[in-house]
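S.K.: Please see the structure below; I have some questions.
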Amino acid sequence: MINLWSHLNVKMADDVTYGENVFIGAGTVIERGVTIRDNVRIGANSYIGERVTLGEHLREFYHNPDYANPVTDIGDRALIRSGSIIYAGNEIGTDFECGSYVSIREFSKIGDGCSLGTLCDIQGYVAIGNHVRLHSNVHIGQKSTIKDFARIFPYVILTNDPHPPCAKCLEGPTIEEYAIVSTNAVVMPKVRIGRGALVGAKALVTKDVPDGKVVVGIPARITGDAADIFCELDLGYRPYPWGGG
Amino acid sequence: MINLWSHLNVKMADDVTYGENVFIGAGTVIERGVTIRDNVRIGANSYIGERVTLGEHLREFYHNPDYANPVTDIGDRALIRSGSIIYAGNEIGTDFECGSYVSIREFSKIGDGCSLGTLCDIQGYVAIGNHVRLHSNVHIGQKSTIKDFARIFPYVILTNDPHPPCAKCLEGPTIEEYAIVSTNAVVMPKVRIGRGALVGAKALVTKDVPDGKVVVGIPARITGDAADIFCELDLGYRPYPWGGG
Amino acid sequence: MINLWSHLNVKMADDVTYGENVFIGAGTVIERGVTIRDNVRIGANSYIGERVTLGEHLREFYHNPDYANPVTDIGDRALIRSGSIIYAGNEIGTDFECGSYVSIREFSKIGDGCSLGTLCDIQGYVAIGNHVRLHSNVHIGQKSTIKDFARIFPYVILTNDPHPPCAKCLEGPTIEEYAIVSTNAVVMPKVRIGRGALVGAKALVTKDVPDGKVVVGIPARITGDAADIFCELDLGYRPYPWGGG
């Protein structure tokens with residue numbers, strides 16, 4: 001067993017289990033019950049909560065005696081709450097934060113400054129940009145793309161299978177910069193949600209949404225421009241575009 | 001470390017970890033892997049399942065070296081199943097019961113005799129009355145109010161943000177006494193569901209529902225009175241109002 | 001304590017706790033933190049992930065000092081991922097696979113070759129046939145029936161209560177062979193989804209769907225035959241019926 005981590009101020013609980021070729025950055029805290037598989041790198045000044053699993057084995061592990069665990073890379077200042085599971089092959093940027101019982105399947109790439117709420121389920125092979133926020137219990141199907149500063153609210157589902165069950169046609173939606181997908185909306189495979197667009201709560205989005213437009217309903221239809229929305233509490237305030245979007 | 005709990009018949013597993021100023025009532029069982037943070041009170045004759053976390057640290061803990069954990073208070077006869085997480089600052093009444101992997105964020109107040117199903121996600125700053133029942137996987141946004149004897153069914157979401165993402169306008173719905181919100185309905189911010197009203201499955205409730213009315217659809221529309229519903233198996237039985245509602 | 005299991009190549013972590021009358025088949029691996037209650041049988045060549053609970057106590061356990069745990073039976077070659085909870089009284093066939101944090105309540109019967117995704121919530125008294133697949137976060141209400149080769153996608157909910165809350169009228173839907181229920185559809189109590197039928201994403205199914213038909217919308221309406229659907233990427237390919245359905 002070769003463990004190359006820095007011992008500079010790493011605090012690790014007694015019962016942490018770890019595999020080979022694990023690197024842990026300085027100042028990181030690893031709570032009890034954590035499991036770290038082979039080939040995992042954790043950045044500096046991170047906090048890994050109780051019973052988190054990092055670099056979880058892919059399905060092949062259970063059947064192939066020659067299985068080698070892909071590399072998992074998590075940036076500096078990660079805050080990963082208890083019970084979350086990050087599978088092998090993921091690459092996560094700096095300042096990552098997630099709630100409890102989050103699952104991130106294999107070979108996703110997540111940029112810097114992202115946060116994922118409790119119970120989020122990222123199915124793998126997903127591309128997530130920088131400063132993206134997912135609220136609780138968001139489900140991202142394989143091969144979806146979410147760009148910088150997009151915001152996704154609870155129980156949203158990005159789907160990827162045009163005629164389920166199909167193994168070969170899978171392709172998820174693309175959520176452009178600053179787009180907002182509201183609570184419990186479902187986005188159909190390959191659909192593009194435009195930059196700064198706003199998808200209403202519980203919408204079923206079956207076709208592309210142009211930049212800056214608002215869509216609502218089942219199926220979703222355009223009802224106007226996000227820029228025309230005002231705040232009922234402060235009638236002079238136009239909330240969109242927001243944050244530079 | 002000062003632990004003031006009664007040793008009268010408390011059964012605690014060897015590996016339970018606990019902070020300072022923890023009080024545990026007589027006859028309570030604490031299973032293995034449980035974590036109790038500072039300033040937690042657990043009532044008598046309770047059962048705390050494996051790997052439950054009580055008084056979980058708020059976000060400030062990870063950044064502020066002077067952090068002090070708010071008081072968490074859980075009443076007598078609680079039954080908290082494995083893996084559930086109750087954050088600091090919560091106040092929960094007697095006879096509380098919850099399923100596994102429930103999350104209750106900070107500064108909520110829950111009355112007596114309430115039960116929460118598996119995977120419920122209470123986002124904090126929520127007011128829940130007495131004898132309220134939430135089925136599995138219900139999501140309650142911050143600053144929502146649920147009154148006595150209300151019943152909420154699986155995958156219901158109470159939202160609180162009128163123009164997401166907004167930090168200042170957050171205000172959740174109010175669910176009045178004996179109201180019923182059926183499976184996977186979504187209730188928009190600030191909406192009031194009247195006493196004894198019935199929200200149909202998968203409805204999107206965008207405006208107030210008068211007492212005793214039935215609403216269905218997206219957006220939800222009034223279709224009649226709950227009192228006119230009959231049971232198909234027993235045509236003479238009118239199920240509403242129920243339980244005194 | 002009487003434990004009858006075969007010691008032939010069973011690998012069990014040091015901290016596994018187990019009750020009386022537990023049988024573990026040859027070649028099975030039991031990871032750390034697992035809890036096995038009384039009267040559990042686990043087949044050969046299975047993998048039980050970290051912190052799984054098998055034969056979890058029913059509610060009566062917490063109140064009745066004479067409680068006896070019903071028998072739990074899990075077939076050969078099970079792969080049960082971390083944190084999943086299988087309650088007592090379940091009977092599960094061979095080659096079962098499930099994701100993390102799955103919950104299967106009491107007295108369900110699951111056939112051979114079934115798989116359940118992360119966070120699935122099976123409420124108990126459910127009949128599931130052979131080779132059924134549930135994707136992530138599917139909720140199956142009590143007394144539902146799912147037949148061979150049916151496929152159910154994320155956040156689908158099978159309901160069972162015609163006028164909630166009712167304790168006596170509960171009866172879930174029946175999903176026939178090869179039927180497909182797409183993402184976040186909700187199926188109302190007692191509804192039958194016909195053989196090879198296709199329920200669209202986010203549909204609310206309020207009445208029976210004939211064999212081979214497609215339904216979409218809220219409430220769901222028939223839009224055609226599954227056999228007429230073609231693949232946009234390969235116009236000559238008709239995906240339904242699939243797999244012999």
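For the structure tokens, the naming scheme is as follows: chains receive sequential letters (A, B, ...) according to their order of presentation, residues are indexed from 1 within each chain, and ligands are indexed from 1 in presentation order.
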Can you tell me, as a list of chain:residue names, what residues are no more than 10 Å from region 59-67 of chain C when counting only C-alpha atoms, ignoring any on the same chain fewer than 3 positions away?

M.R.: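 Listing them by chain and then by number gives B:Ser46, B:Tyr47, B:Leu79, C:Glu56, C:Pro70, C:Glu106.
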
S.K.: Can you list every residue of chain B that has an atom at most 10 Å from chain C, with its nearest atom pair and the distance in Å to one decimal, using only C-alpha atoms, ordered by chain then number, as a Markdown table?

M.R.:
| residue | atom | partner | partner_atom | distance |
| --- | --- | --- | --- | --- |
| B:Arg32 | CA | C:Gly33 | CA | 9.2 |
| B:Gly33 | CA | C:Gly33 | CA | 8.8 |
| B:Ser46 | CA | C:Tyr62 | CA | 9.6 |
| B:Tyr47 | CA | C:Tyr62 | CA | 8.0 |
| B:Glu50 | CA | C:Arg51 | CA | 9.2 |
| B:Arg51 | CA | C:Arg51 | CA | 9.2 |
| B:Leu79 | CA | C:Tyr62 | CA | 8.4 |
| B:Ser82 | CA | C:Ile85 | CA | 9.2 |
| B:Gly83 | CA | C:Gly83 | CA | 8.4 |
| B:Gly99 | CA | C:Ser103 | CA | 9.9 |
| B:Ser100 | CA | C:Ser103 | CA | 8.4 |
| B:Tyr101 | CA | C:Tyr101 | CA | 8.1 |
| B:Thr118 | CA | C:Asp121 | CA | 8.0 |
| B:Leu119 | CA | C:Leu119 | CA | 8.5 |
| B:Ser136 | CA | C:Asp121 | CA | 8.1 |
| B:Asn137 | CA | C:His139 | CA | 9.0 |
| B:Arg151 | CA | C:Pro165 | CA | 7.6 |
| B:Ile152 | CA | C:Pro165 | CA | 9.4 |
| B:Phe153 | CA | C:Pro164 | CA | 8.6 |
| B:Pro154 | CA | C:His139 | CA | 8.1 |
| B:Tyr155 | CA | C:Ile157 | CA | 8.4 |
| B:Ile180 | CA | C:Pro164 | CA | 7.5 |
| B:Val181 | CA | C:Pro164 | CA | 9.0 |
| B:Ser182 | CA | C:Pro164 | CA | 7.6 |
| B:Thr183 | CA | C:Thr159 | CA | 7.6 |
| B:Asn184 | CA | C:Val186 | CA | 7.9 |
| B:Leu198 | CA | C:Pro164 | CA | 9.1 |
| B:Gly200 | CA | C:His163 | CA | 9.8 |
| B:Ala201 | CA | C:Val186 | CA | 7.9 |
| B:Lys202 | CA | C:Leu204 | CA | 7.1 |
| B:Ala203 | CA | C:Ile218 | CA | 9.1 |
| B:Val216 | CA | C:Ile218 | CA | 9.7 |
| B:Gly217 | CA | C:Ile218 | CA | 7.0 |
| B:Ile218 | CA | C:Ile218 | CA | 7.8 |
| B:Ala226 | CA | C:His163 | CA | 9.8 |
| B:Ile229 | CA | C:His163 | CA | 8.3 |
| B:Phe230 | CA | C:His163 | CA | 8.4 |
| B:Cys231 | CA | C:His163 | CA | 7.3 |
| B:Glu232 | CA | C:Pro162 | CA | 8.5 |
| B:Leu233 | CA | C:Cys169 | CA | 7.4 |
| B:Asp234 | CA | C:Cys169 | CA | 9.5 |
| B:Arg238 | CA | C:His163 | CA | 9.6 |
| B:Pro239 | CA | C:His163 | CA | 6.9 |
| B:Tyr240 | CA | C:His163 | CA | 8.6 |
| B:Trp242 | CA | C:Pro165 | CA | 8.4 |
| B:Gly243 | CA | C:Pro165 | CA | 9.7 |

S.K.: Using only C-alpha atoms for the distances, tell me which of C:Ile74, C:Val138, C:Thr174, C:Arg133 is nearest to Val102 (chain C).

M.R.: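 Residue with the minimum atom-to-atom distance to Val102 (chain C): C:Val138.
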
S.K.: Residues at most 6 Å from His131 (chain C), counting only C-alpha atoms, excluding those fewer than 3 positions away in the same chain, as a list in words?

M.R.: Gly113, Cys114, Asp148 and Phe149 of chain C

S.K.: Please report, as number ranges by chain, each residue of region 93-184 of chain B to which DSSP assigns strand (DSSP E or B) when run on this structure's backbone.

M.R.: B: 97-98, 103-104, 109-110, 115-116, 121-122, 127-128, 133-134, 139-140, 145-146, 151-152, 157-158, 174-175, 180-181

S.K.: Mind dumping the selected residues with C-alpha atoms as a PDB file, in the first residue's frame?

M.R.:
ATOM      1  CA  GLU B  97     -41.412   9.321  14.311  1.00  0.00           C
ATOM      2  CA  CYS B  98     -39.410   9.318  11.105  1.00  0.00           C
ATOM      3  CA  SER B 103     -33.052  15.385   6.697  1.00  0.00           C
ATOM      4  CA  ILE B 104     -34.355  18.241   8.853  1.00  0.00           C
ATOM      5  CA  LYS B 109     -40.273  23.717  14.865  1.00  0.00           C
ATOM      6  CA  ILE B 110     -42.281  20.498  14.782  1.00  0.00           C
ATOM      7  CA  SER B 115     -44.375  11.520  11.512  1.00  0.00           C
ATOM      8  CA  LEU B 116     -42.142  11.918   8.470  1.00  0.00           C
ATOM      9  CA  ASP B 121     -36.226  16.783   3.225  1.00  0.00           C
ATOM     10  CA  ILE B 122     -37.268  19.638   5.500  1.00  0.00           C
ATOM     11  CA  ALA B 127     -43.316  25.546  11.241  1.00  0.00           C
ATOM     12  CA  ILE B 128     -45.129  22.226  11.539  1.00  0.00           C
ATOM     13  CA  ARG B 133     -47.952  13.360   8.661  1.00  0.00           C
ATOM     14  CA  LEU B 134     -45.629  13.553   5.708  1.00  0.00           C
ATOM     15  CA  HIS B 139     -39.676  18.351   0.244  1.00  0.00           C
ATOM     16  CA  ILE B 140     -40.607  21.365   2.370  1.00  0.00           C
ATOM     17  CA  THR B 145     -46.157  26.450   7.491  1.00  0.00           C
ATOM     18  CA  ILE B 146     -48.048  23.187   7.951  1.00  0.00           C
ATOM     19  CA  ARG B 151     -51.396  15.180   5.486  1.00  0.00           C
ATOM     20  CA  ILE B 152     -48.848  15.394   2.720  1.00  0.00           C
ATOM     21  CA  ILE B 157     -42.874  19.869  -2.938  1.00  0.00           C
ATOM     22  CA  LEU B 158     -43.637  23.116  -1.150  1.00  0.00           C
ATOM     23  CA  THR B 174     -49.363  27.583   4.348  1.00  0.00           C
ATOM     24  CA  ILE B 175     -51.178  24.265   4.604  1.00  0.00           C
ATOM     25  CA  ILE B 180     -54.525  16.981   2.115  1.00  0.00           C
ATOM     26  CA  VAL B 181     -51.867  17.442  -0.536  1.00  0.00           C
TER      27      VAL B 181
END

S.K.: Quick one: pull the distance between CA of Phe107 (chain B) and CA of Asp95 (chain A), Å, one decimal.

M.R.: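 For CA of Phe107 (chain B) relative to CA of Asp95 (chain A), the distance reads 26.0 Å.
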
S.K.: Can you pull out every residue within 7 Å of region 9-11 of chain B, counting only C-alpha atoms, but drop anything in the same chain fewer than 5 positions away, and send it as a PDB file with N, CA and C atoms, in the first residue's frame?

M.R.:
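What ended up in part_20.pdb:
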ATOM      1  N   ALA B  26     -34.321   9.149  30.344  1.00  0.00           N
ATOM      2  CA  ALA B  26     -34.333   7.768  30.828  1.00  0.00           C
ATOM      3  C   ALA B  26     -35.004   6.836  29.832  1.00  0.00           C
ATOM      4  N   GLY B  27     -34.465   5.626  29.723  1.00  0.00           N
ATOM      5  CA  GLY B  27     -35.090   4.596  28.908  1.00  0.00           C
ATOM      6  C   GLY B  27     -34.818   4.719  27.422  1.00  0.00           C
ATOM      7  N   THR B  28     -33.973   5.649  27.038  1.00  0.00           N
ATOM      8  CA  THR B  28     -33.697   5.850  25.610  1.00  0.00           C
ATOM      9  C   THR B  28     -32.600   4.896  25.124  1.00  0.00           C
ATOM     10  N   VAL B  29     -32.760   4.425  23.876  1.00  0.00           N
ATOM     11  CA  VAL B  29     -31.789   3.534  23.237  1.00  0.00           C
ATOM     12  C   VAL B  29     -31.090   4.299  22.119  1.00  0.00           C
ATOM     13  N   ILE B  30     -29.765   4.243  22.107  1.00  0.00           N
ATOM     14  CA  ILE B  30     -28.997   4.926  21.062  1.00  0.00           C
ATOM     15  C   ILE B  30     -28.148   3.875  20.365  1.00  0.00           C
TER      16      ILE B  30
END
